[in-house]
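Raw my_file_33.cif, mmCIF, C-alpha atoms:
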```
data_data
loop_
_atom_site.label_atom_id
_atom_site.label_comp_id
_atom_site.auth_asym_id
_atom_site.auth_seq_id
_atom_site.Cartn_x
_atom_site.Cartn_y
_atom_site.Cartn_z
CA MET A 258 115.95 40.11 -92.81
CA PRO A 259 117.88 38.11 -90.40
CA ASP A 260 116.81 34.59 -89.91
CA GLU A 261 114.20 34.07 -87.08
CA ILE A 262 115.42 32.28 -84.07
CA HIS A 263 113.48 29.09 -83.48
CA ASP A 264 113.85 28.53 -79.77
CA PRO A 265 111.08 26.40 -78.24
CA ALA A 266 111.40 28.13 -74.92
CA LEU A 267 110.81 31.48 -76.52
CA GLN A 268 107.80 30.47 -78.64
CA PRO A 269 104.27 31.36 -77.43
CA PRO A 270 102.19 28.45 -76.28
CA SER A 271 100.10 26.69 -78.82
CA SER A 272 96.32 26.66 -78.41
CA SER A 273 96.24 22.89 -78.67
CA GLU A 274 98.84 22.30 -76.03
CA PRO A 275 98.61 23.39 -72.44
CA HIS A 276 100.98 25.97 -71.30
CA VAL A 277 103.27 24.80 -68.65
CA GLY A 278 105.43 27.14 -66.83
CA PRO A 279 108.75 26.43 -65.38
CA ASP A 280 107.09 25.56 -62.02
CA HIS A 281 104.23 23.43 -63.42
CA GLN A 282 104.07 19.89 -64.60
CA LEU A 283 101.31 18.24 -66.59
CA PRO A 284 99.27 15.84 -64.54
CA SER A 285 99.44 12.23 -65.46
CA SER A 286 96.36 10.82 -67.21
CA ASN A 287 96.12 7.99 -64.60
CA GLU A 288 95.98 10.25 -61.52
CA PRO A 289 93.01 12.38 -60.47
CA HIS A 290 93.37 16.07 -60.56
CA VAL A 291 93.57 17.57 -57.10
CA GLY A 292 93.19 21.23 -56.56
CA PRO A 293 95.11 23.19 -54.05
CA ASP A 294 92.33 22.86 -51.40
CA HIS A 295 91.48 19.12 -51.84
CA GLN A 296 93.14 16.00 -50.60
CA LEU A 297 92.32 12.35 -51.30
CA PRO A 298 90.78 10.31 -48.37
CA ALA A 299 92.94 7.85 -46.65
CA PRO A 300 92.43 4.18 -47.57
CA HIS A 301 91.25 3.13 -44.07
CA GLU A 302 88.50 5.82 -44.07
CA ARG A 303 87.10 4.54 -47.36
CA SER A 304 86.94 0.99 -45.98
CA HIS A 305 85.05 2.06 -42.80
CA ARG A 306 82.37 3.89 -44.80
CA SER A 307 81.79 0.93 -47.02
CA THR A 308 81.27 -1.42 -44.05
CA THR A 309 78.70 0.90 -42.40
CA ALA A 310 76.68 1.12 -45.63
CA ARG A 311 76.59 -2.66 -45.97
CA ILE A 312 75.35 -3.06 -42.35
CA LEU A 313 72.54 -0.53 -42.86
CA ILE A 314 71.44 -2.29 -46.03
CA TRP A 315 71.29 -5.67 -44.27
CA LEU A 316 69.32 -4.21 -41.33
CA LEU A 317 66.80 -2.73 -43.75
CA ILE A 318 66.44 -6.07 -45.51
CA LEU A 319 65.89 -7.84 -42.18
CA LEU A 320 63.22 -5.33 -41.14
CA VAL A 321 61.38 -5.83 -44.43
CA TYR A 322 61.46 -9.61 -44.00
CA ALA A 323 60.22 -9.33 -40.39
CA PHE A 324 57.34 -7.10 -41.45
CA LEU A 325 56.36 -9.51 -44.22
CA PHE A 326 56.51 -12.44 -41.79
CA TRP A 327 54.22 -10.56 -39.32
CA LEU A 328 51.74 -9.85 -42.10
CA ILE A 329 51.65 -13.53 -43.05
CA LEU A 330 51.03 -14.63 -39.45
CA ARG A 331 48.25 -12.04 -39.01
CA HIS A 332 46.61 -13.13 -42.24
CA ARG A 333 46.67 -16.77 -41.16
CA ALA A 334 45.16 -15.91 -37.72
CA ALA A 335 42.39 -13.85 -39.32
CA LYS A 336 41.69 -16.58 -41.81
CA LYS A 337 41.51 -19.15 -39.02
CA ALA A 338 39.14 -16.98 -36.96
CA ALA A 339 36.96 -16.34 -39.99
CA ALA A 340 36.90 -20.04 -40.74
CA GLY A 341 35.77 -20.71 -37.17
CA ARG A 342 33.05 -18.07 -37.39
CA HIS A 343 31.80 -19.36 -40.70
CA GLY A 344 31.53 -22.89 -39.44
CA ALA A 345 34.68 -24.27 -40.90
CA MET A 346 35.07 -26.25 -37.67
CA GLY A 347 31.53 -27.60 -38.01
CA PRO A 348 28.01 -26.40 -37.09
CA VAL A 349 27.44 -24.44 -33.87
CA THR A 350 25.75 -26.54 -31.20
CA LEU A 351 23.01 -24.68 -29.34
CA THR A 352 19.68 -24.94 -27.57
CA THR A 353 16.50 -23.32 -28.83
CA ALA A 354 13.30 -21.74 -27.58
CA THR A 355 10.03 -21.16 -29.40
CA ALA A 356 8.17 -17.86 -29.63
CA THR A 357 4.62 -18.16 -28.30
CA GLN A 358 1.44 -16.12 -28.28
CA GLY A 359 -0.06 -15.20 -24.91
CA ASN A 360 -0.78 -12.56 -22.30
CA ILE A 361 1.69 -10.55 -20.25
CA GLY A 362 1.16 -8.05 -17.45
CA VAL A 363 2.39 -4.46 -17.39
CA TYR A 364 3.90 -3.95 -13.93
CA LEU A 365 5.28 -1.03 -11.98
CA GLN A 366 7.96 -2.09 -9.52
CA ALA A 367 8.94 -0.14 -6.43
CA ILE A 368 10.34 -0.54 -2.93
CA GLY A 369 7.72 -0.35 -0.18
CA THR A 370 7.43 -0.41 3.58
CA VAL A 371 4.99 -2.59 5.49
CA THR A 372 2.81 -0.20 7.50
CA PRO A 373 0.17 -1.35 10.03
CA VAL A 374 -3.35 0.03 9.72
CA HIS A 375 -3.34 0.78 13.46
CA THR A 376 -0.56 1.02 16.01
CA ASP A 377 -1.73 1.80 19.56
CA ILE A 378 0.67 3.09 22.20
CA ILE A 379 -1.26 2.72 25.45
CA THR A 380 -0.43 4.97 28.39
CA SER A 381 -1.99 5.27 31.85
CA GLN A 382 -4.91 7.66 32.37
CA VAL A 383 -4.80 7.36 36.17
CA THR A 384 -2.14 7.40 38.84
CA GLY A 385 -1.85 4.15 40.70
CA LEU A 386 -0.08 0.88 41.39
CA ILE A 387 -0.01 -1.86 38.74
CA SER A 388 -1.52 -4.98 40.25
CA THR A 389 -1.58 -7.42 37.29
CA VAL A 390 -0.06 -7.76 33.82
CA HIS A 391 -2.20 -10.16 31.81
CA TYR A 392 -0.40 -10.30 28.45
CA HIS A 393 2.72 -12.18 27.35
CA GLU A 394 5.40 -10.68 25.14
CA GLY A 395 4.59 -11.07 21.44
CA GLN A 396 1.10 -12.40 22.17
CA ILE A 397 -1.67 -12.07 19.60
CA VAL A 398 -4.60 -10.43 21.38
CA ARG A 399 -8.18 -9.78 20.34
CA ARG A 400 -10.12 -6.61 20.87
CA GLY A 401 -11.32 -6.20 24.49
CA GLN A 402 -8.84 -8.72 25.92
CA PRO A 403 -7.44 -7.69 29.37
CA LEU A 404 -3.90 -6.38 29.36
CA ILE A 405 -3.08 -4.56 32.61
CA ASP A 406 -4.90 -3.95 35.93
CA ILE A 407 -4.17 -0.95 38.14
CA ASP A 408 -5.20 -0.94 41.82
CA ALA A 409 -8.71 0.55 41.63
CA ARG A 410 -9.60 0.65 45.36
CA PRO A 411 -9.04 4.41 45.81
CA PHE A 412 -11.17 5.14 42.77
CA ARG A 413 -13.94 2.81 43.89
CA ALA A 414 -14.04 4.66 47.22
CA GLN A 415 -14.43 7.97 45.40
CA LEU A 416 -17.15 6.43 43.28
CA LEU A 417 -19.00 5.20 46.33
CA GLU A 418 -18.82 8.65 47.93
CA ALA A 419 -20.18 10.27 44.77
CA GLN A 420 -22.99 7.73 44.58
CA GLY A 421 -23.96 8.52 48.22
CA ALA A 422 -24.08 12.26 47.52
CA LEU A 423 -26.23 11.59 44.48
CA GLU A 424 -28.72 9.53 46.46
CA ARG A 425 -28.95 12.22 49.15
CA ASP A 426 -29.56 14.99 46.66
CA GLU A 427 -32.07 12.89 44.76
CA ALA A 428 -34.05 12.47 48.03
CA LEU A 429 -33.94 16.24 48.67
CA LEU A 430 -35.19 16.83 45.14
CA ALA A 431 -38.07 14.42 45.71
CA GLN A 432 -39.02 16.20 48.93
CA ALA A 433 -38.91 19.60 47.24
CA ARG A 434 -41.20 18.36 44.49
CA MET A 435 -43.71 17.05 47.09
CA ASP A 436 -43.73 20.44 48.81
CA LEU A 437 -44.26 22.13 45.46
CA GLN A 438 -47.37 20.04 44.84
CA ARG A 439 -48.78 21.03 48.24
CA TYR A 440 -48.08 24.70 47.58
CA VAL A 441 -49.84 24.52 44.25
CA VAL A 442 -52.99 23.16 45.93
CA ALA A 443 -52.79 25.68 48.78
CA TRP A 444 -52.30 28.61 46.38
CA SER A 445 -55.31 27.50 44.38
CA LYS A 446 -57.41 27.90 47.58
CA ASP A 447 -55.76 31.23 48.40
CA ALA A 448 -54.17 29.64 51.49
CA ILE A 449 -50.63 30.88 50.69
CA PRO A 450 -49.26 33.84 48.86
CA LYS A 451 -47.98 33.51 45.31
CA GLN A 452 -44.42 34.32 46.43
CA THR A 453 -44.24 31.19 48.55
CA LEU A 454 -45.21 29.06 45.54
CA ASP A 455 -42.61 30.74 43.35
CA ASP A 456 -39.86 30.22 45.93
CA GLN A 457 -40.65 26.53 46.12
CA GLU A 458 -40.44 26.13 42.36
CA LYS A 459 -36.92 27.63 42.37
CA LEU A 460 -35.88 25.31 45.21
CA VAL A 461 -36.95 22.36 43.08
CA GLN A 462 -34.82 23.61 40.17
CA GLN A 463 -31.82 24.05 42.45
CA ASP A 464 -32.12 20.48 43.70
CA GLU A 465 -32.40 19.24 40.12
CA GLY A 466 -29.10 21.01 39.29
CA THR A 467 -27.44 19.47 42.34
CA VAL A 468 -28.56 16.02 41.27
CA LYS A 469 -27.12 16.52 37.77
CA ALA A 470 -23.79 17.58 39.25
CA ASP A 471 -23.77 14.48 41.42
CA GLN A 472 -24.53 12.32 38.42
CA GLY A 473 -21.55 13.82 36.58
CA THR A 474 -19.29 13.10 39.53
CA VAL A 475 -20.47 9.51 39.66
CA GLN A 476 -19.84 9.06 35.93
CA PHE A 477 -16.36 10.57 36.19
CA ASP A 478 -15.43 8.31 39.11
CA GLN A 479 -16.80 5.34 37.21
CA VAL A 480 -14.53 6.19 34.26
CA GLN A 481 -11.54 6.40 36.61
CA VAL A 482 -12.38 2.94 37.89
CA ASP A 483 -12.66 1.68 34.30
CA PHE A 484 -9.26 3.18 33.47
CA CYS A 485 -7.75 0.88 36.06
CA HIS A 486 -8.69 -2.10 33.89
CA ILE A 487 -6.84 -1.73 30.57
CA VAL A 488 -8.02 -3.86 27.64
CA ALA A 489 -6.87 -4.15 24.03
CA PRO A 490 -8.57 -1.50 21.90
CA ILE A 491 -7.67 -3.29 18.63
CA PRO A 492 -6.73 -6.83 17.63
CA GLY A 493 -3.04 -7.34 17.00
CA ARG A 494 0.26 -8.33 18.50
CA VAL A 495 1.70 -6.83 21.68
CA GLY A 496 5.36 -5.98 21.86
CA LEU A 497 7.91 -6.54 24.58
CA ARG A 498 6.72 -6.01 28.16
CA LEU A 499 7.38 -2.49 29.38
CA VAL A 500 5.97 -2.60 32.95
CA ASP A 501 5.75 -5.11 35.76
CA PRO A 502 3.36 -5.64 38.69
CA GLY A 503 4.21 -3.24 41.49
CA ASN A 504 5.25 -0.37 39.24
CA VAL A 505 3.58 2.96 39.90
CA VAL A 506 2.18 4.73 36.85
CA VAL A 507 1.28 8.38 36.54
CA ALA A 508 -1.70 9.85 34.74
CA ALA A 509 -1.00 11.53 31.38
CA SER A 510 2.55 10.17 31.32
CA THR A 511 4.24 9.68 27.95
CA THR A 512 5.77 6.37 29.08
CA PRO A 513 3.86 3.57 27.30
CA LEU A 514 2.44 0.63 29.20
CA VAL A 515 2.05 -1.59 26.13
CA VAL A 516 2.19 -1.24 22.33
CA ILE A 517 -0.22 -3.13 20.06
CA THR A 518 0.26 -3.40 16.30
CA GLN A 519 -2.49 -4.61 14.04
CA LEU A 520 -1.28 -7.30 11.65
CA GLN A 521 -4.48 -8.41 9.91
CA PRO A 522 -5.14 -6.65 7.66
CA ILE A 523 -1.94 -4.74 7.02
CA THR A 524 -0.80 -2.29 4.35
CA VAL A 525 2.29 -1.55 2.27
CA VAL A 526 3.20 2.02 1.37
CA PHE A 527 5.28 2.41 -1.80
CA THR A 528 6.06 5.13 -4.33
CA ILE A 529 5.78 5.45 -8.10
CA SER A 530 7.23 8.03 -10.46
CA GLU A 531 5.06 10.98 -11.35
CA ASP A 532 5.36 9.87 -14.99
CA ASN A 533 3.35 6.72 -14.17
CA ILE A 534 0.48 8.39 -12.32
CA ALA A 535 -1.60 8.86 -15.47
CA GLN A 536 -1.72 5.18 -16.37
CA VAL A 537 -2.64 4.21 -12.80
CA GLN A 538 -5.41 6.79 -12.61
CA ALA A 539 -6.69 5.69 -16.01
CA GLN A 540 -7.45 2.29 -14.46
CA THR A 541 -8.78 3.48 -11.11
CA ARG A 542 -11.20 5.92 -12.77
CA LYS A 543 -12.82 2.92 -14.46
CA GLY A 544 -13.38 1.38 -11.04
CA LYS A 545 -10.82 -1.34 -11.70
CA ILE A 546 -9.15 -2.92 -8.66
CA LEU A 547 -5.40 -3.08 -9.29
CA GLN A 548 -3.53 -6.07 -7.91
CA VAL A 549 -0.32 -5.60 -5.91
CA THR A 550 2.21 -8.32 -5.07
CA ALA A 551 4.71 -8.01 -2.23
CA LEU A 552 8.03 -9.84 -2.71
CA ASP A 553 11.03 -10.38 -0.48
CA ARG A 554 14.16 -8.22 -0.69
CA ALA A 555 15.82 -10.62 -3.15
CA ASN A 556 12.79 -10.21 -5.42
CA GLU A 557 12.39 -13.99 -5.61
CA ALA A 558 9.62 -15.16 -3.23
CA ASP A 559 6.05 -13.83 -3.18
CA LEU A 560 5.09 -12.84 0.37
CA ALA A 561 1.48 -11.79 -0.11
CA ASP A 562 -1.05 -10.62 -2.67
CA GLY A 563 -3.22 -7.59 -2.12
CA LYS A 564 -4.97 -4.72 -3.84
CA LEU A 565 -4.34 -1.02 -4.30
CA GLU A 566 -6.19 0.92 -1.60
CA THR A 567 -5.52 4.58 -2.37
CA LEU A 568 -3.17 7.22 -3.76
CA ASP A 569 -1.75 10.12 -1.80
CA ASN A 570 -3.12 13.59 -2.52
CA GLN A 571 0.15 15.26 -3.59
CA ILE A 572 3.49 14.55 -5.25
CA ASP A 573 6.70 14.83 -3.29
CA THR A 574 8.49 17.67 -5.07
CA THR A 575 11.94 16.64 -3.82
CA THR A 576 11.77 13.16 -5.37
CA GLY A 577 9.06 13.51 -8.02
CA THR A 578 7.19 10.49 -6.65
CA LEU A 579 3.72 9.75 -5.33
CA LYS A 580 2.90 7.48 -2.38
CA LEU A 581 0.43 4.63 -2.76
CA ARG A 582 -1.07 2.32 -0.15
CA ALA A 583 -1.96 -1.31 -0.82
CA ASP A 584 -4.04 -3.51 1.48
CA PHE A 585 -3.09 -7.13 2.31
CA ALA A 586 -4.99 -9.75 4.30
CA ASN A 587 -1.67 -11.11 5.64
CA LYS A 588 -3.20 -14.42 6.68
CA ASN A 589 0.16 -16.10 7.32
CA TYR A 590 1.74 -13.03 9.00
CA ALA A 591 4.43 -12.93 6.29
CA LEU A 592 4.32 -9.13 6.22
CA PHE A 593 5.92 -7.74 9.35
CA PRO A 594 5.54 -4.09 10.38
CA ASN A 595 8.26 -1.79 8.97
CA LEU A 596 9.60 -4.56 6.71
CA PHE A 597 11.10 -3.38 3.41
CA VAL A 598 9.60 -5.28 0.46
CA ASN A 599 9.55 -5.10 -3.31
CA THR A 600 6.14 -4.36 -4.78
CA ARG A 601 4.73 -5.11 -8.23
CA LEU A 602 1.64 -3.15 -9.23
CA LEU A 603 -0.28 -4.72 -12.12
CA VAL A 604 -1.41 -1.75 -14.20
CA ASN A 605 -2.56 -3.49 -17.37
CA THR A 606 -2.52 -6.83 -19.19
CA LEU A 607 -1.50 -7.19 -22.85
CA THR A 608 -3.36 -10.02 -24.57
CA GLY A 609 -2.50 -12.00 -27.69
CA VAL A 610 1.08 -10.75 -28.03
CA THR A 611 4.25 -12.55 -29.14
CA LEU A 612 6.34 -13.72 -26.20
CA VAL A 613 9.94 -14.99 -26.18
CA PRO A 614 12.33 -15.91 -23.37
CA THR A 615 14.34 -12.86 -22.40
CA SER A 616 17.55 -14.93 -22.67
CA THR A 617 17.11 -15.22 -26.46
CA ILE A 618 17.35 -11.45 -27.00
CA GLN A 619 20.78 -10.03 -27.82
CA GLN A 620 21.94 -6.41 -27.94
CA ASN A 621 24.16 -4.57 -30.39
CA GLY A 622 24.29 -1.06 -29.04
CA SER A 623 20.72 0.21 -29.13
CA THR A 624 19.59 -2.54 -31.53
CA SER A 625 17.94 -5.72 -30.26
CA PHE A 626 17.97 -8.90 -32.31
CA VAL A 627 17.43 -12.66 -32.17
CA TYR A 628 18.68 -15.61 -34.20
CA VAL A 629 15.84 -17.42 -35.95
CA ILE A 630 16.69 -21.06 -36.76
CA GLN A 631 15.48 -22.15 -40.20
CA ASN A 632 16.63 -25.30 -42.03
CA GLY A 633 19.68 -25.68 -39.79
CA THR A 634 20.82 -22.09 -40.35
CA ALA A 635 20.79 -19.10 -37.98
CA ALA A 636 19.21 -15.98 -39.46
CA LEU A 637 19.67 -12.68 -37.62
CA ARG A 638 16.39 -10.83 -37.13
CA ASP A 639 16.01 -7.35 -35.64
CA ILE A 640 13.19 -7.03 -33.09
CA LYS A 641 11.60 -4.42 -30.85
CA PRO A 642 11.25 -5.63 -27.24
CA GLY A 643 8.42 -4.37 -25.05
CA VAL A 644 7.08 -5.46 -21.66
CA ALA A 645 9.16 -8.00 -19.72
CA ASP A 646 7.97 -10.15 -16.84
CA SER A 647 9.15 -13.37 -15.16
CA GLY A 648 11.78 -14.17 -17.79
CA MET A 649 9.47 -13.52 -20.77
CA THR A 650 9.47 -10.47 -23.05
CA GLN A 651 6.85 -9.18 -25.46
CA VAL A 652 8.43 -8.48 -28.87
CA THR A 653 7.52 -7.40 -32.37
CA GLY A 654 9.41 -8.42 -35.49
CA ILE A 655 8.94 -12.20 -35.32
CA ASN A 656 5.93 -14.52 -35.34
CA PRO A 657 4.64 -17.05 -32.81
CA GLY A 658 6.12 -20.45 -33.55
CA ASP A 659 9.52 -19.17 -34.69
CA VAL A 660 12.41 -21.21 -33.29
CA LEU A 661 15.08 -19.05 -31.69
CA ALA A 662 18.65 -19.67 -30.58
CA ASN A 663 18.98 -19.68 -26.82
CA SER A 664 22.70 -20.33 -26.28
CA SER A 665 26.19 -20.24 -27.89
CA PHE A 666 25.74 -16.61 -28.96
CA GLN A 667 29.50 -15.95 -28.99
CA LYS A 668 29.84 -18.32 -31.94
CA LEU A 669 26.73 -17.34 -33.86
CA GLN A 670 26.39 -14.98 -36.75
CA ASP A 671 23.99 -14.48 -39.59
CA GLY A 672 24.01 -17.51 -41.90
CA ALA A 673 25.93 -19.83 -39.56
CA LYS A 674 25.12 -23.55 -39.64
CA VAL A 675 23.75 -24.88 -36.36
CA ALA A 676 23.11 -28.18 -34.62
CA ILE A 677 20.32 -28.24 -32.04
CA SER A 678 21.20 -29.84 -28.70
CA LYS A 679 18.49 -31.50 -26.63
CA THR A 680 20.41 -31.05 -23.38
CA PRO A 681 20.99 -27.72 -21.64
CA ILE A 682 24.26 -25.98 -22.44
CA ALA A 683 26.34 -24.80 -19.50
CA PRO A 684 27.09 -21.08 -19.31
CA ASN A 685 30.52 -19.89 -20.37
CA PRO A 686 32.36 -17.95 -17.62
CA SER A 687 33.78 -15.59 -20.24
CA GLY A 688 30.30 -14.67 -21.46
CA GLY A 689 27.61 -16.36 -23.50
CA ASN A 690 27.24 -20.14 -23.53
CA ALA A 691 29.55 -22.90 -24.51
CA PRO A 692 28.55 -26.33 -25.80
#
```
In structure tokens, write the structure found in this file.
Amino acid sequence: MPDEIHDPALQPPSSSEPHVGPDHQLPSSNEPHVGPDHQLPAPHERSHRSTTARILIWLLILLVYAFLFWLILRHRAAKKAAAGRHGAMGPVTLTTATATQGNIGVYLQAIGTVTPVHTDIITSQVTGLISTVHYHEGQIVRRGQPLIDIDARPFRAQLLEAQGALERDEALLAQARMDLQRYVVAWSKDAIPKQTLDDQEKLVQQDEGTVKADQGTVQFDQVQVDFCHIVAPIPGRVGLRLVDPGNVVVAASTTPLVVITQLQPITVVFTISEDNIAQVQAQTRKGKILQVTALDRANEADLADGKLETLDNQIDTTTGTLKLRADFANKNYALFPNLFVNTRLLVNTLTGVTLVPTSTIQQNGSTSFVYVIQNGTAALRDIKPGVADSGMTQVTGINPGDVLANSSFQKLQDGAKVAISKTPIAPNPSGGNAP
């Protein structure tokens, strides 16, 4: 066999060596392999990406440090506030009040209107000329005191004429009765017929009727004369003058001559809710007289004290209220007609209950509580308030004699140390009290 030709170019590629064609070159071991579709980034692009990453990392670090710093400040503020609340700055200075045992009234409060018992609007009953006005504006008059005089001369003339007719007819009646007596005697002796006697009896009855008619005319004319002299029908105060001397008034006119309002006694009409009627009636059925106090509009000054007079007979369906009337002596004329007042009706009196100043009671939603001071420490105590009156409230949950905090509530909490001040503490404009 001929010798084999050993030509490296004609030998098949070895499995351990890569085959490289005439158009291929082996990549260098120090250079990355790049396929036909990939290219290496430019140097300036790689530098820009590196800078952006470093900036983002620093911003993240700064945000973390800022958040930690905010947490530290918040923790210090909360710790400082807690230290203040727990008395780290010293005991809370406050004033105190003591719970007592006593009586308190159960009141119903309402708005009322002063209403006179009588108000008389006097008008003329006759037609005539006003001759005299006796009263002064705003004068207090008594019953029967002269007020106005109307010229009564025409009415006196009519009265005189009626009196003359009465006297004439009375004389005719007397004559007819005398004749009747004669006829009776003559008929008894058969001197006259019975018909004549009967006729005379009827004449006497006719004259008696005429006399009665004349008497009625005289009485009517006398009333007309009396109407010319107007007097006060009730005691009270007259209003402003409405007529003057020389004015002509007309009978049955609606124009008033004078208005009189009774001031003593006087009443106040007020309303209560239909829900409170039962407790009022429970007292009135026992025959108890309920006291009523009238106060001014500011609800500060007592104007007068009176008593409940009566209840209305039906509830107002539009408002669900019932009207009540209270009677007042009104000795100092403090209650003026049509004046709006605040009324306080004493329905009942609670005896032997625990009373505290209303200012000591604090609210937390629907819960009421007080701070009881014991051994220089404030202890929170839940209570149940009841009736309140004149700055005092009936409560349950504490005992008479307990010392209560009465100021500096914005600094107090359960278990806080306190220092009792003997001088009043001024109110804090932001709420509560400040030492």
Selection dump of the PyMOL selection byres ((chain A and resi 366) around 7), as a list in words: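 When the PyMOL selection byres ((chain A and resi 366) around 7) is applied to the shown file, the picked residues are Tyr364, Leu365, Ala367, Thr600, Arg601 and Leu602 of chain A.
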Selection result of the PyMOL selection byres ((chain A and resi 527) around 10) on this file, as a list in words: Gln366, Ala367, Ile368, Gly369, Thr370, Val371, Thr372, Thr524, Val525, Val526, Thr528, Ile529, Leu568, Thr578, Leu579, Lys580, Leu581, Arg582, Ala583, Phe597, Val598, Asn599, Thr600, Arg601 and Leu602 of chain A
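Remark: for A:Asp426, the closest of the candidate residues A:Val461, A:Leu454, A:Ala443, A:Ile379 is A:Val461 (distances computed over only C-alpha atoms).
Residues surrounding A:Gly643 within 7 Å are Thr650, Gln651 and Val652 of chain A [only C-alpha atoms; sequence separation below 5 positions excluded].
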The PyMOL selection byres ((chain A and resi 495) around 7) - which residues does that actually catch in the file I just gave you? List them as a PDB file with C-alpha atoms, in the coordinates of the input.
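Produced file result27.pdb, reproduced below:
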```
ATOM      1  CA  GLU A 394       5.400 -10.680  25.140  1.00  0.00           C
ATOM      2  CA  GLY A 395       4.590 -11.070  21.440  1.00  0.00           C
ATOM      3  CA  GLN A 396       1.100 -12.400  22.170  1.00  0.00           C
ATOM      4  CA  ILE A 397      -1.670 -12.070  19.600  1.00  0.00           C
ATOM      5  CA  GLY A 493      -3.040  -7.340  17.000  1.00  0.00           C
ATOM      6  CA  ARG A 494       0.260  -8.330  18.500  1.00  0.00           C
ATOM      7  CA  GLY A 496       5.360  -5.980  21.860  1.00  0.00           C
ATOM      8  CA  LEU A 497       7.910  -6.540  24.580  1.00  0.00           C
ATOM      9  CA  VAL A 515       2.050  -1.590  26.130  1.00  0.00           C
ATOM     10  CA  VAL A 516       2.190  -1.240  22.330  1.00  0.00           C
ATOM     11  CA  ILE A 517      -0.220  -3.130  20.060  1.00  0.00           C
ATOM     12  CA  THR A 518       0.260  -3.400  16.300  1.00  0.00           C
TER      13      THR A 518
END
```
Residue with smallest distance to A:Gln457 - pool A:Gln438, A:Gln571, A:Thr353, A:Asn533, counting only C-alpha atoms: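 Using only C-alpha atoms, A:Gln457 sits closest to A:Gln438.
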A:Ala551, A:Val363, A:Ile534, A:Leu330 ranked by distance to A:Met649, top pick (using only C-alpha atoms):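 Checking each candidate against A:Met649, we get A:Val363 as the closest.
You can rank A:Thr380, A:Val468, A:Thr308, A:Val442 by their closest distance to A:Ala428 using only C-alpha atoms, and at the top of that list sits A:Val468.
Among the candidates A:Val505, A:Val613, A:Ala422, A:Ala662, the residue lying nearest to A:Thr474 is A:Ala422 (atoms considered: all atoms listed in the file).
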Å distance separating atom CA of A:Ala561 from atom CA of A:Asn595, one decimal place: 15.1 Å
Within-6 Å shell of (-5.2, 7.6, 32.7) in input frame, all atoms listed in the file, as a list of chain:residue names: A:Ser381, A:Gln382, A:Val383, A:Ala508, A:Ala509
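Here the question is which of A:Ala414, A:Ala539, A:Leu325, A:Val349 gets nearest to A:Ile677 using only C-alpha atoms, and that residue is A:Val349.
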Selection: 8 Å around A:Thr634, only C-alpha atoms, excl. self and same-chain fewer than 4 positions, as a list in words: Ile630, Gly672, Ala673, Lys674 and Val675 of chain A
Answer as a PDB file with C-alpha atoms, in the frame of the given file, residues within 10 Å of (7.8, -4.3, -26.7) using all atoms listed in the file:
```pdb
ATOM      1  CA  VAL A 610       1.080 -10.750 -28.030  1.00  0.00           C
ATOM      2  CA  THR A 611       4.250 -12.550 -29.140  1.00  0.00           C
ATOM      3  CA  LEU A 612       6.340 -13.720 -26.200  1.00  0.00           C
ATOM      4  CA  ILE A 640      13.190  -7.030 -33.090  1.00  0.00           C
ATOM      5  CA  LYS A 641      11.600  -4.420 -30.850  1.00  0.00           C
ATOM      6  CA  PRO A 642      11.250  -5.630 -27.240  1.00  0.00           C
ATOM      7  CA  GLY A 643       8.420  -4.370 -25.050  1.00  0.00           C
ATOM      8  CA  VAL A 644       7.080  -5.460 -21.660  1.00  0.00           C
ATOM      9  CA  ALA A 645       9.160  -8.000 -19.720  1.00  0.00           C
ATOM     10  CA  THR A 650       9.470 -10.470 -23.050  1.00  0.00           C
ATOM     11  CA  GLN A 651       6.850  -9.180 -25.460  1.00  0.00           C
ATOM     12  CA  VAL A 652       8.430  -8.480 -28.870  1.00  0.00           C
ATOM     13  CA  THR A 653       7.520  -7.400 -32.370  1.00  0.00           C
ATOM     14  CA  GLY A 654       9.410  -8.420 -35.490  1.00  0.00           C
TER      15      GLY A 654
END
```
